[in-house]
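Listing of start38.cif; format and content: mmCIF, C-alpha atoms.
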```cif
data_entry
loop_
_atom_site.label_atom_id
_atom_site.label_comp_id
_atom_site.auth_asym_id
_atom_site.auth_seq_id
_atom_site.Cartn_x
_atom_site.Cartn_y
_atom_site.Cartn_z
CA ASN L 21 26.79 -15.23 0.95
CA ASN L 22 28.67 -13.37 -1.79
CA ALA L 23 26.33 -14.57 -4.56
CA VAL L 24 23.41 -12.41 -3.41
CA LYS L 25 24.38 -8.88 -2.47
CA PRO L 26 22.21 -6.58 -0.32
CA GLN L 27 19.89 -4.11 -1.94
CA LYS L 28 21.15 -0.53 -2.18
CA VAL L 29 18.93 2.56 -2.02
CA GLN L 30 19.69 6.24 -2.46
CA GLN L 31 17.13 8.99 -1.94
CA LEU L 32 16.91 12.69 -2.74
CA THR L 33 14.23 14.73 -0.96
CA LEU L 34 13.21 18.38 -1.20
CA GLY L 35 10.45 19.77 1.00
CA LEU L 36 8.77 22.94 2.19
CA SER L 37 6.71 23.44 5.34
CA LYS L 38 4.59 26.53 5.99
CA PRO L 39 2.47 27.27 9.10
CA PHE L 40 -0.73 29.31 8.76
CA LYS L 41 -3.10 31.00 11.17
CA ASP L 42 -5.67 29.02 13.17
CA ASN L 43 -3.14 26.22 13.77
CA TRP L 44 -2.92 25.06 10.16
CA GLU L 45 0.28 23.80 8.56
CA LEU L 46 1.06 22.85 4.94
CA THR L 47 3.92 20.57 3.93
CA VAL L 48 4.95 19.78 0.35
CA GLU L 49 7.73 17.32 -0.39
CA GLY L 50 9.17 15.79 -3.55
CA TYR L 51 11.36 12.70 -3.58
CA TYR L 52 13.34 10.47 -5.92
CA LYS L 53 14.73 7.04 -4.95
CA TRP L 54 17.27 4.93 -6.83
CA TYR L 55 17.35 1.18 -6.17
CA SER L 56 20.09 -1.19 -7.23
CA ARG L 57 20.61 -4.95 -6.78
CA ILE L 58 16.85 -5.56 -6.50
CA LEU L 59 16.03 -9.27 -6.55
CA GLU L 60 13.35 -10.65 -8.87
CA VAL L 61 12.30 -14.26 -9.49
CA LYS L 62 13.05 -15.48 -13.01
CA GLU L 63 10.08 -15.78 -15.33
CA GLY L 64 8.85 -19.37 -15.34
CA ALA L 65 10.90 -20.39 -12.29
CA ASP L 66 9.34 -23.12 -10.13
CA ILE L 67 8.89 -21.65 -6.63
CA ASN L 68 6.23 -24.00 -5.32
CA GLY L 69 6.72 -24.30 -1.57
CA GLY L 70 8.57 -20.96 -1.42
CA ILE L 71 11.68 -19.59 -3.06
CA LEU L 72 13.90 -20.67 -0.14
CA SER L 73 12.68 -24.29 -0.17
CA SER L 74 15.14 -25.15 -2.93
CA ASN L 75 18.88 -25.64 -2.44
CA ASP L 76 19.57 -23.81 -5.69
CA TRP L 77 17.25 -20.89 -4.97
CA GLU L 78 19.93 -18.36 -5.97
CA SER L 79 19.82 -19.66 -9.55
CA LYS L 80 16.12 -18.68 -9.74
CA LEU L 81 16.82 -15.00 -9.03
CA LEU L 82 17.76 -12.04 -11.20
CA THR L 83 19.17 -8.67 -10.17
CA GLY L 84 17.70 -5.41 -11.38
CA LYS L 85 17.25 -1.74 -10.58
CA GLY L 86 14.34 0.56 -9.83
CA TRP L 87 13.05 4.08 -9.39
CA ASN L 88 10.43 5.54 -7.08
CA TYR L 89 9.52 9.20 -7.38
CA GLY L 90 6.65 11.51 -6.60
CA ILE L 91 5.30 14.41 -4.62
CA GLU L 92 3.56 14.38 -1.22
CA THR L 93 1.35 17.09 0.28
CA PHE L 94 0.23 17.22 3.89
CA VAL L 95 -2.22 19.65 5.54
CA HIS L 96 -2.45 19.47 9.33
CA LYS L 97 -4.77 21.21 11.81
CA ARG L 98 -3.27 20.79 15.26
CA LYS L 99 -5.68 22.52 17.65
CA GLY L 100 -9.36 23.35 18.02
CA ASP L 101 -12.65 21.49 18.39
CA LEU L 102 -11.90 19.72 15.11
CA THR L 103 -8.36 18.47 14.45
CA GLY L 104 -6.81 16.18 11.90
CA TRP L 105 -4.97 16.11 8.61
CA MET L 106 -5.24 15.36 4.92
CA SER L 107 -2.48 13.98 2.73
CA TYR L 108 -2.18 13.40 -1.00
CA THR L 109 0.58 11.52 -2.78
CA LEU L 110 1.23 11.36 -6.53
CA SER L 111 3.86 8.71 -7.19
CA TRP L 112 5.44 6.24 -9.62
CA ALA L 113 7.33 3.02 -8.90
CA LYS L 114 9.21 1.33 -11.76
CA ARG L 115 11.65 -1.54 -12.11
CA ASN L 116 14.02 -2.85 -14.78
CA THR L 117 15.48 -6.35 -14.60
CA PRO L 118 17.46 -7.90 -17.48
CA GLY L 119 15.73 -11.16 -18.37
CA ILE L 120 12.27 -9.98 -17.30
CA ASN L 121 9.71 -8.18 -19.49
CA ARG L 122 12.10 -8.36 -22.46
CA GLY L 123 14.46 -6.03 -20.62
CA GLU L 124 11.95 -3.17 -20.71
CA ASP L 125 10.83 -1.06 -17.73
CA TYR L 126 7.74 -2.23 -15.87
CA TYR L 127 5.64 -0.95 -12.98
CA TYR L 128 6.39 -2.34 -9.53
CA GLN L 129 3.67 -4.42 -7.88
CA PHE L 130 2.84 -1.67 -5.36
CA ASP L 131 2.83 1.19 -7.86
CA ARG L 132 -0.11 3.39 -6.84
CA ARG L 133 -0.59 6.60 -8.77
CA HIS L 134 -2.83 8.41 -6.28
CA TYR L 135 -3.14 8.02 -2.53
CA ILE L 136 -5.42 10.21 -0.39
CA ASN L 137 -5.83 9.97 3.39
CA LEU L 138 -8.18 12.12 5.46
CA VAL L 139 -8.25 11.92 9.27
CA ALA L 140 -10.59 14.02 11.44
CA GLN L 141 -11.03 14.02 15.22
CA THR L 142 -13.50 15.96 17.34
CA LYS L 143 -14.36 16.21 21.02
CA ILE L 144 -18.07 15.63 21.71
CA ASP L 145 -18.02 16.37 25.45
CA ASP L 146 -15.77 15.74 28.46
CA GLU L 147 -16.15 11.97 28.10
CA TYR L 148 -16.60 11.23 24.41
CA SER L 149 -14.62 11.98 21.28
CA ALA L 150 -14.99 10.66 17.74
CA SER L 151 -12.72 10.14 14.76
CA VAL L 152 -13.01 9.16 11.13
CA ASN L 153 -10.39 7.90 8.71
CA VAL L 154 -10.94 7.97 4.92
CA VAL L 155 -8.54 6.28 2.51
CA PHE L 156 -8.58 6.31 -1.30
CA SER L 157 -5.90 4.67 -3.40
CA THR L 158 -5.25 3.70 -6.99
CA GLY L 159 -5.13 -0.08 -7.28
CA ASN L 160 -1.89 -2.04 -7.39
CA VAL L 161 -0.69 -3.79 -10.54
CA GLN L 162 -0.47 -7.50 -11.24
CA SER L 163 0.55 -9.84 -14.04
CA VAL L 164 -2.57 -11.35 -15.61
CA PRO L 165 -2.47 -13.69 -18.64
CA ILE L 166 -4.42 -12.66 -21.74
CA GLY L 167 -4.57 -16.21 -23.06
CA LYS L 168 -2.98 -19.67 -23.04
CA TYR L 169 -1.74 -22.23 -25.56
CA LEU L 170 -0.03 -25.61 -25.75
CA ASP L 171 3.66 -25.90 -26.55
CA ILE L 172 5.16 -28.67 -28.70
CA ASN L 173 5.30 -30.94 -25.64
CA GLY L 174 1.63 -30.44 -24.84
CA ASN L 175 2.29 -28.25 -21.80
CA VAL L 176 0.02 -25.29 -21.06
CA VAL L 177 1.77 -21.94 -21.53
CA TYR L 178 0.18 -18.69 -20.39
CA ASP L 179 0.53 -15.61 -22.57
CA TYR L 180 1.36 -12.28 -20.90
CA THR L 181 1.70 -9.04 -22.84
CA GLU L 182 4.08 -7.64 -20.23
CA LYS L 183 4.88 -7.89 -16.53
CA ASN L 184 2.28 -6.30 -14.22
CA ASN L 185 0.02 -5.58 -17.18
CA TYR L 186 -3.22 -5.25 -15.19
CA ARG L 187 -4.18 -2.61 -12.63
CA LEU L 188 -6.63 -3.56 -9.91
CA ALA L 189 -9.67 -1.45 -9.10
CA ASN L 190 -9.32 1.57 -6.82
CA THR L 191 -9.38 1.10 -3.05
CA PHE L 192 -11.76 3.12 -0.89
CA ARG L 193 -12.25 2.69 2.85
CA ILE L 194 -13.87 4.56 5.75
CA ASP L 195 -13.02 3.78 9.38
CA PHE L 196 -14.88 5.15 12.39
CA GLY L 197 -13.87 5.42 16.03
CA LEU L 198 -15.51 6.49 19.29
CA ASN L 199 -13.53 7.05 22.50
CA LYS L 200 -14.98 7.12 26.02
CA ILE L 201 -12.82 8.38 28.86
CA ARG L 202 -13.32 6.26 31.99
CA TYR L 203 -10.77 7.94 34.24
CA SER L 204 -8.66 11.04 33.80
CA SER L 205 -6.16 12.92 35.99
CA TRP L 206 -3.10 15.08 35.48
CA ALA L 207 -0.88 11.97 35.29
CA ALA L 208 -2.95 9.27 33.60
CA GLU L 209 -6.01 8.51 31.50
CA SER L 210 -7.92 5.33 30.75
CA GLY L 211 -10.97 4.50 28.72
CA TYR L 212 -12.57 2.53 25.93
CA ARG L 213 -12.08 2.83 22.21
CA PHE L 214 -14.83 1.50 19.92
CA SER L 215 -13.83 1.20 16.28
CA VAL L 216 -15.19 -0.02 12.96
CA TYR L 217 -12.77 -0.85 10.16
CA ASN L 218 -14.21 -0.49 6.65
CA VAL L 219 -17.65 0.82 7.64
CA LEU L 220 -19.03 0.34 4.12
CA ALA L 221 -17.81 -3.29 4.05
CA ARG L 222 -16.33 -2.58 0.64
CA ASN L 223 -14.57 -5.53 -0.98
CA ASN L 224 -11.34 -3.77 -1.83
CA PRO L 225 -9.21 -5.87 -4.21
CA ALA L 226 -6.01 -7.51 -3.02
CA TYR L 227 -5.28 -9.56 -6.14
CA ILE L 228 -6.86 -11.22 -9.17
CA TYR L 229 -7.10 -15.01 -9.15
CA ILE L 230 -7.25 -16.88 -12.46
CA ASP L 231 -9.13 -20.19 -12.38
CA ASN L 232 -7.91 -22.43 -15.20
CA SER L 233 -9.62 -25.61 -14.05
CA GLY L 234 -12.23 -25.34 -16.80
CA THR L 235 -11.98 -25.03 -20.55
CA THR L 236 -12.40 -21.25 -20.31
CA PRO L 237 -10.24 -19.30 -17.82
CA LYS L 238 -12.17 -17.20 -15.31
CA ALA L 239 -10.88 -14.25 -13.28
CA TYR L 240 -11.94 -13.62 -9.70
CA GLN L 241 -11.18 -10.64 -7.49
CA ARG L 242 -9.97 -11.46 -4.00
CA GLY L 243 -10.20 -8.98 -1.13
CA PHE L 244 -8.98 -8.90 2.46
CA LEU L 245 -10.28 -7.44 5.73
CA PRO L 246 -13.96 -6.59 5.26
CA PHE L 247 -16.14 -4.90 7.90
CA ILE L 248 -14.36 -5.41 11.28
CA PRO L 249 -15.64 -3.95 14.60
CA GLY L 250 -13.34 -3.68 17.62
CA ILE L 251 -13.23 -2.69 21.28
CA THR L 252 -10.03 -1.63 23.04
CA TYR L 253 -9.33 -0.65 26.63
CA TYR L 254 -6.42 1.80 26.87
CA ILE L 255 -4.30 3.39 29.57
CA LYS L 256 -2.14 6.47 28.96
CA PHE L 257 0.39 7.98 31.37
#
```

Whole structure given in structure tokens:
Amino acid sequence: NNAVKPQKVQQLTLGLSKPFKDNWELTVEGYYKWYSRILEVKEGADINGGILSSNDWESKLLTGKGWNYGIETFVHKRKGDLTGWMSYTLSWAKRNTPGINRGEDYYYQFDRRHYINLVAQTKIDDEYSASVNVVFSTGNVQSVPIGKYLDINGNVVYDYTEKNNYRLANTFRIDFGLNKIRYSSWAAESGYRFSVYNVLARNNPAYIYIDNSGTTPKAYQRGFLPFIPGITYYIKF
């Protein structure tokens, strides 16, 4: 279809990697991405049932541009009784779409200023090993109305200061894993992996839900994937 053209992305990356003694390695990388022909749904467009459920879905879309840029650092310990890595990302994600947000720049939905990930693994004995995964992230952004009013036809209109005007709370999660080797040889290994996702059962926010059923709007935070235990049997060759 010639009416909707594919998105185009260009990226510039500059990085430096430096090994250190005791099997440590540091990597620093900066990047800048240019996006063009990004599709956005028009403000106020009716997309109930999904954007593709309508025969004139193309008329409900606008085309814009965007920028993603930031710096990533990565520290890796490859060998020893304790191995793992730590990464930190400082980034920005912005968009500009004529016809949205009065033509001004706005933050992309998945704009996260800070992202930290720590992974550590250790061997307990010949059969058992343990791992821990720690994740911290700045919350995403979302469009949240600051009020509502009735238009001249009596319809409810929600008032937004700007697109993606509200940032969700920070995300923090700790995962734990324990491996037990059942069989091991020079050619293969099998065993059990016991894991716990989100050990603290923290209700990390996914989005804000606005309930307008009453006279006064109420905001509720919705989260996904709470405390989840798991058992896996694995075979490696």

Quick one: contact table of stretch 72-144 of chain L to stretch 151-154 of chain L, 7 Å max, nearest atom pair and distance in Å to one decimal per residue, counting all atoms listed in the file, chain and number order, as a tab-separated table?
```
residue	atom	partner	partner_atom	distance
L:Asn137	CA	L:Val154	CA	5.7
L:Leu138	CA	L:Val154	CA	5.0
L:Val139	CA	L:Asn153	CA	4.6
L:Ala140	CA	L:Val152	CA	5.4
L:Gln141	CA	L:Ser151	CA	4.3
L:Thr142	CA	L:Ser151	CA	6.4
```

Exercise for review: Apply the PyMOL selection byres ((chain L and resi 54-63) around 8) to the file shown and report the selected residues as a VMD selection string.
Suggested key: chain L and resid 25 to 31 52 to 53 64 to 65 80 to 88 117 119 to 120

Exercise for review: Kindly extract all protein, DNA and RNA residues lying within 12 Å of the coordinates (-2.1, -0.1, 29.5) given in the file, considering only C-alpha atoms, and supply them as a list in words.
Suggested key: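 Protein, DNA and RNA residues close to (-2.1, -0.1, 29.5): Ala208, Glu209, Ser210, Gly211, Tyr212, Thr252, Tyr253, Tyr254, Ile255, Lys256 and Phe257 of chain L.
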
Write out as JSON lines the residues of stretch 78-107 of chain L that have any atom within 6 Å of an atom of stretch 39-43 of chain L, one row each with the nearest atom pair and its distance in Å to one decimal, counting all atoms listed in the file, sorted by chain and then rising number.
```
{"residue": "L:Lys97", "atom": "CA", "partner": "L:Asn43", "partner_atom": "CA", "distance": 5.6}
{"residue": "L:Arg98", "atom": "CA", "partner": "L:Asn43", "partner_atom": "CA", "distance": 5.6}
{"residue": "L:Lys99", "atom": "CA", "partner": "L:Asn43", "partner_atom": "CA", "distance": 5.9}
```

Check your understanding: Mind pulling up the distance from atom CA of L:Phe94 to atom CA of L:Lys143?
Key -> 22.5 Å

Saved stretch 194-209 of chain L from the preceding structure, N, CA and C atoms, as a PDB file, in the first residue's frame:
```pdb
ATOM      1  N   ILE L 194      13.777  -7.799  41.787  1.00  0.00           N
ATOM      2  CA  ILE L 194      14.858  -8.733  42.086  1.00  0.00           C
ATOM      3  C   ILE L 194      14.399 -10.140  41.725  1.00  0.00           C
ATOM      4  N   ASP L 195      15.181 -10.826  40.925  1.00  0.00           N
ATOM      5  CA  ASP L 195      14.913 -12.220  40.566  1.00  0.00           C
ATOM      6  C   ASP L 195      16.011 -13.101  41.162  1.00  0.00           C
ATOM      7  N   PHE L 196      15.632 -14.316  41.538  1.00  0.00           N
ATOM      8  CA  PHE L 196      16.600 -15.245  42.133  1.00  0.00           C
ATOM      9  C   PHE L 196      16.510 -16.590  41.431  1.00  0.00           C
ATOM     10  N   GLY L 197      17.664 -17.227  41.255  1.00  0.00           N
ATOM     11  CA  GLY L 197      17.698 -18.539  40.617  1.00  0.00           C
ATOM     12  C   GLY L 197      18.661 -19.484  41.302  1.00  0.00           C
ATOM     13  N   LEU L 198      18.313 -20.771  41.322  1.00  0.00           N
ATOM     14  CA  LEU L 198      19.167 -21.819  41.891  1.00  0.00           C
ATOM     15  C   LEU L 198      19.208 -22.981  40.905  1.00  0.00           C
ATOM     16  N   ASN L 199      20.409 -23.360  40.492  1.00  0.00           N
ATOM     17  CA  ASN L 199      20.595 -24.469  39.550  1.00  0.00           C
ATOM     18  C   ASN L 199      21.163 -25.683  40.261  1.00  0.00           C
ATOM     19  N   LYS L 200      20.645 -26.852  39.910  1.00  0.00           N
ATOM     20  CA  LYS L 200      21.159 -28.127  40.428  1.00  0.00           C
ATOM     21  C   LYS L 200      21.508 -29.024  39.254  1.00  0.00           C
ATOM     22  N   ILE L 201      22.777 -29.391  39.158  1.00  0.00           N
ATOM     23  CA  ILE L 201      23.222 -30.269  38.082  1.00  0.00           C
ATOM     24  C   ILE L 201      22.852 -31.714  38.420  1.00  0.00           C
ATOM     25  N   ARG L 202      22.118 -32.356  37.534  1.00  0.00           N
ATOM     26  CA  ARG L 202      21.710 -33.748  37.743  1.00  0.00           C
ATOM     27  C   ARG L 202      22.698 -34.708  37.086  1.00  0.00           C
ATOM     28  N   TYR L 203      23.178 -34.336  35.923  1.00  0.00           N
ATOM     29  CA  TYR L 203      24.116 -35.178  35.173  1.00  0.00           C
ATOM     30  C   TYR L 203      25.072 -34.278  34.413  1.00  0.00           C
ATOM     31  N   SER L 204      26.333 -34.645  34.405  1.00  0.00           N
ATOM     32  CA  SER L 204      27.318 -33.840  33.694  1.00  0.00           C
ATOM     33  C   SER L 204      28.412 -34.729  33.129  1.00  0.00           C
ATOM     34  N   SER L 205      28.793 -34.478  31.879  1.00  0.00           N
ATOM     35  CA  SER L 205      29.900 -35.177  31.222  1.00  0.00           C
ATOM     36  C   SER L 205      30.588 -34.194  30.293  1.00  0.00           C
ATOM     37  N   TRP L 206      31.582 -34.662  29.569  1.00  0.00           N
ATOM     38  CA  TRP L 206      32.297 -33.765  28.672  1.00  0.00           C
ATOM     39  C   TRP L 206      31.422 -33.298  27.504  1.00  0.00           C
ATOM     40  N   ALA L 207      30.342 -34.020  27.197  1.00  0.00           N
ATOM     41  CA  ALA L 207      29.524 -33.703  26.030  1.00  0.00           C
ATOM     42  C   ALA L 207      28.151 -33.136  26.369  1.00  0.00           C
ATOM     43  N   ALA L 208      27.670 -33.338  27.566  1.00  0.00           N
ATOM     44  CA  ALA L 208      26.300 -32.904  27.874  1.00  0.00           C
ATOM     45  C   ALA L 208      26.155 -32.609  29.358  1.00  0.00           C
ATOM     46  N   GLU L 209      25.092 -31.868  29.670  1.00  0.00           N
ATOM     47  CA  GLU L 209      24.757 -31.552  31.060  1.00  0.00           C
ATOM     48  C   GLU L 209      23.247 -31.401  31.180  1.00  0.00           C
TER      49      GLU L 209
END
```
